[in-house]
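Take a look at the structure set out below.
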Amino acid sequence: MKNLDSFHNEIMAAKFEALYKEAEEARKNAYAPYSGFQVGAALLTDNGSIYRGVNVENASYPLTNCAERSAVFAAVSGGERHFTAIAICGGKGTDTKVPCYPCGACRQVLSEFCGKDFPVILSDGVYTLGELLPYSFQLEK
Ligand SMILES: [Zn+2]
């Protein structure tokens, strides 16, 4: 994990900060009446588009979808398959200081499209997908 302040490339650090702000904005649309845990994600594509995602809960709890997968599915539905970074912001109420790590399912879904160096931006810094999921499931070796 790297703190945003530790990035030598100021342009990249600014881009990541802006993406995190997009995730914060997305979070306002989260539908989480059961847990109260609202999550927003912002997925930056290689061509500069940003796809937002939120968690969408359901009275039948297992049908809930995470913000990260919502963003990936929206992007793929829009014809995008090459991603630069994702920012994730989540927590209960107004508390978003604690990093909201993506769940295992979302890590696996990201690994379908993103390499081990793919940046995952959280409230406490930037992780790589390889740090978060070192041994993803792959059909081909
Ligand atoms: Zn998830």
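For the structure tokens, the naming scheme is as follows: chains receive sequential letters (A, B, ...) according to their order of presentation, residues are indexed from 1 within each chain, and ligands are indexed from 1 in presentation order.
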What residues of the protein or nucleic acid chains come within 8 Å of ligand 1 when you use only C-alpha atoms and all ligand atoms? Reply as a ChimeraX atom specification.
/A:65-69,102-107
Serialized selection, N, CA and C atoms, as a compact mmCIF listing (two decimals), in the first residue's frame:
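Written output follows (again-v6.txt):
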```txt
# COMPACT_ATOMS: atom_id res chain seq x y z
N ASN A 65 -25.85 -6.50 -4.47
CA ASN A 65 -24.66 -6.39 -5.32
C ASN A 65 -23.76 -5.28 -4.79
N CYS A 66 -22.46 -5.51 -4.85
CA CYS A 66 -21.48 -4.56 -4.34
C CYS A 66 -21.26 -3.40 -5.32
N ALA A 67 -20.74 -2.31 -4.79
CA ALA A 67 -20.46 -1.12 -5.61
C ALA A 67 -19.41 -1.42 -6.69
N GLU A 68 -18.38 -2.17 -6.31
CA GLU A 68 -17.28 -2.42 -7.25
C GLU A 68 -17.77 -3.23 -8.45
N ARG A 69 -18.55 -4.29 -8.15
CA ARG A 69 -19.07 -5.10 -9.26
C ARG A 69 -20.10 -4.32 -10.07
N PRO A 102 -12.38 -4.10 -0.82
CA PRO A 102 -13.33 -4.86 -1.64
C PRO A 102 -13.44 -6.30 -1.13
N CYS A 103 -14.63 -6.87 -1.23
CA CYS A 103 -14.84 -8.25 -0.79
C CYS A 103 -14.14 -9.21 -1.77
N GLY A 104 -14.08 -10.46 -1.40
CA GLY A 104 -13.40 -11.45 -2.23
C GLY A 104 -14.01 -11.59 -3.61
N ALA A 105 -15.34 -11.55 -3.68
CA ALA A 105 -16.00 -11.69 -4.97
C ALA A 105 -15.60 -10.54 -5.90
N CYS A 106 -15.56 -9.33 -5.38
CA CYS A 106 -15.20 -8.18 -6.21
C CYS A 106 -13.74 -8.24 -6.63
N ARG A 107 -12.87 -8.72 -5.75
CA ARG A 107 -11.46 -8.88 -6.13
C ARG A 107 -11.34 -9.84 -7.31
```
Would you return as a PyMOL selection string the members of region 14-138 of chain A that DSSP assigns to helix (DSSP H, G or I) on this structure's backbone?
chain A and resi 14-27+61-63+67-77+104-113+129-132
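The list of residues with at least one atom within 7 Å of Ala23 (chain A), based on only C-alpha atoms and without residues fewer than 5 positions apart in the same chain, reads Gly40, Ala41, Ala42, Arg52, Ala87, Ile88 and Cys89 of chain A.
Here CA of Ala59 (chain A) is placed at a distance of 11.3 Å from CA of Tyr31 (chain A).
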Considering only C-alpha atoms, return as a ChimeraX atom specification whatever protein or nucleic-acid residues lie within 12 Å of Pro134 (chain A), sequence-local ones (same chain, fewer than 2 positions apart) excluded.
/A:104,107-108,111,115-117,127-132,136-138
Now that the selection is made, can you save its residues with N, CA and C atoms as a tab-separated table (two decimals), in the first residue's frame?
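And here's out_28.tsv as it stands now:
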```tsv
chain	number	residue	atom	x	y	z
A	104	GLY	N	-14.08	-10.46	-1.40
A	104	GLY	CA	-13.40	-11.45	-2.23
A	104	GLY	C	-14.01	-11.59	-3.61
A	107	ARG	N	-12.87	-8.72	-5.75
A	107	ARG	CA	-11.46	-8.88	-6.13
A	107	ARG	C	-11.34	-9.84	-7.31
A	108	GLN	N	-12.09	-10.94	-7.24
A	108	GLN	CA	-12.05	-11.93	-8.32
A	108	GLN	C	-12.60	-11.34	-9.61
A	111	SER	N	-10.12	-9.16	-11.17
A	111	SER	CA	-9.00	-9.91	-11.75
A	111	SER	C	-9.32	-10.46	-13.13
A	115	GLY	N	-4.82	-6.57	-14.27
A	115	GLY	CA	-3.61	-7.28	-13.86
A	115	GLY	C	-3.27	-7.03	-12.40
A	116	LYS	N	-2.19	-7.67	-11.97
A	116	LYS	CA	-1.79	-7.58	-10.56
A	116	LYS	C	-1.34	-6.18	-10.15
A	117	ASP	N	-0.94	-5.34	-11.12
A	117	ASP	CA	-0.52	-3.97	-10.79
A	117	ASP	C	-1.66	-2.97	-10.79
A	127	TYR	N	-3.58	0.47	-3.10
A	127	TYR	CA	-3.13	-0.92	-3.09
A	127	TYR	C	-3.08	-1.41	-4.53
A	128	THR	N	-2.37	-2.50	-4.77
A	128	THR	CA	-2.48	-3.15	-6.08
A	128	THR	C	-3.41	-4.34	-5.92
A	129	LEU	N	-4.03	-4.72	-7.04
A	129	LEU	CA	-4.92	-5.88	-7.01
A	129	LEU	C	-4.13	-7.12	-6.59
A	130	GLY	N	-2.86	-7.19	-6.99
A	130	GLY	CA	-2.02	-8.32	-6.60
A	130	GLY	C	-1.82	-8.41	-5.09
A	131	GLU	N	-1.77	-7.25	-4.41
A	131	GLU	CA	-1.67	-7.27	-2.95
A	131	GLU	C	-2.95	-7.80	-2.33
A	132	LEU	N	-4.08	-7.40	-2.92
A	132	LEU	CA	-5.37	-7.75	-2.34
A	132	LEU	C	-5.81	-9.17	-2.71
A	136	SER	N	-5.50	-15.28	-7.70
A	136	SER	CA	-6.87	-15.29	-8.21
A	136	SER	C	-7.14	-16.59	-8.96
A	137	PHE	N	-8.40	-16.92	-9.07
A	137	PHE	CA	-8.78	-18.09	-9.86
A	137	PHE	C	-8.63	-17.75	-11.34
A	138	GLN	N	-7.97	-18.61	-12.10
A	138	GLN	CA	-7.81	-18.43	-13.54
A	138	GLN	C	-8.09	-19.76	-14.22
```
So how far away is CA of Thr45 (chain A) from CA of Ala85 (chain A), in Å?
7.3 Å
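Taking CA of Met12 (chain A) as the reference point, CA of Glu25 (chain A) is found at 20.0 Å.
In this comparison, which uses only C-alpha atoms, the residue of A:Pro119, A:Pro62, A:Gly53, A:Pro99 approaching Phe83 (chain A) most closely is A:Pro119.
Residues within 12 Å of Thr96 (chain A), counting only C-alpha atoms and excluding same-chain residues fewer than 3 positions away, are Tyr20, Lys21, Ala23, Glu24, Arg27, Lys28, Phe37, Gln38, Val39, Gly40, Ile88, Cys89, Gly90, Gly91, Lys92, Gly93, Pro99, Cys100, Tyr101, Leu122, Ser123 and Asp124 of chain A.
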Generate the output file for the selected residues, C-alpha atoms, as a PDB file, in the first residue's frame.
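Result went into selection36.pdb, see below:
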```pdb
ATOM      1  CA  TYR A  20     -11.697   8.875  -5.011  1.00  0.00           C
ATOM      2  CA  LYS A  21     -13.900  11.986  -4.975  1.00  0.00           C
ATOM      3  CA  ALA A  23     -16.437   7.331  -5.502  1.00  0.00           C
ATOM      4  CA  GLU A  24     -17.550   9.612  -2.663  1.00  0.00           C
ATOM      5  CA  ARG A  27     -21.754   6.674  -2.610  1.00  0.00           C
ATOM      6  CA  LYS A  28     -24.604   9.160  -2.184  1.00  0.00           C
ATOM      7  CA  PHE A  37     -23.259   0.525   5.032  1.00  0.00           C
ATOM      8  CA  GLN A  38     -23.100   2.665   1.908  1.00  0.00           C
ATOM      9  CA  VAL A  39     -20.415   2.096  -0.699  1.00  0.00           C
ATOM     10  CA  GLY A  40     -19.488   3.975  -3.841  1.00  0.00           C
ATOM     11  CA  ILE A  88     -13.774   2.654  -3.379  1.00  0.00           C
ATOM     12  CA  CYS A  89     -15.388   4.653  -0.587  1.00  0.00           C
ATOM     13  CA  GLY A  90     -17.638   3.116   2.031  1.00  0.00           C
ATOM     14  CA  GLY A  91     -18.818   3.053   5.593  1.00  0.00           C
ATOM     15  CA  LYS A  92     -21.785   3.572   7.882  1.00  0.00           C
ATOM     16  CA  GLY A  93     -23.357   7.008   8.063  1.00  0.00           C
ATOM     17  CA  PRO A  99     -10.715   1.905   4.396  1.00  0.00           C
ATOM     18  CA  CYS A 100     -13.444  -0.074   2.669  1.00  0.00           C
ATOM     19  CA  TYR A 101     -11.640  -3.095   1.266  1.00  0.00           C
ATOM     20  CA  LEU A 122      -8.989   3.415  -0.740  1.00  0.00           C
ATOM     21  CA  SER A 123      -9.257   6.052   1.991  1.00  0.00           C
ATOM     22  CA  ASP A 124      -5.830   5.177   3.384  1.00  0.00           C
TER      23      ASP A 124
END
```
Secondary structure check, strand (DSSP E) residues of chain A, as a PyMOL selection string:
chain A and resi 37-45+50-54+83-92+119-122+125-128
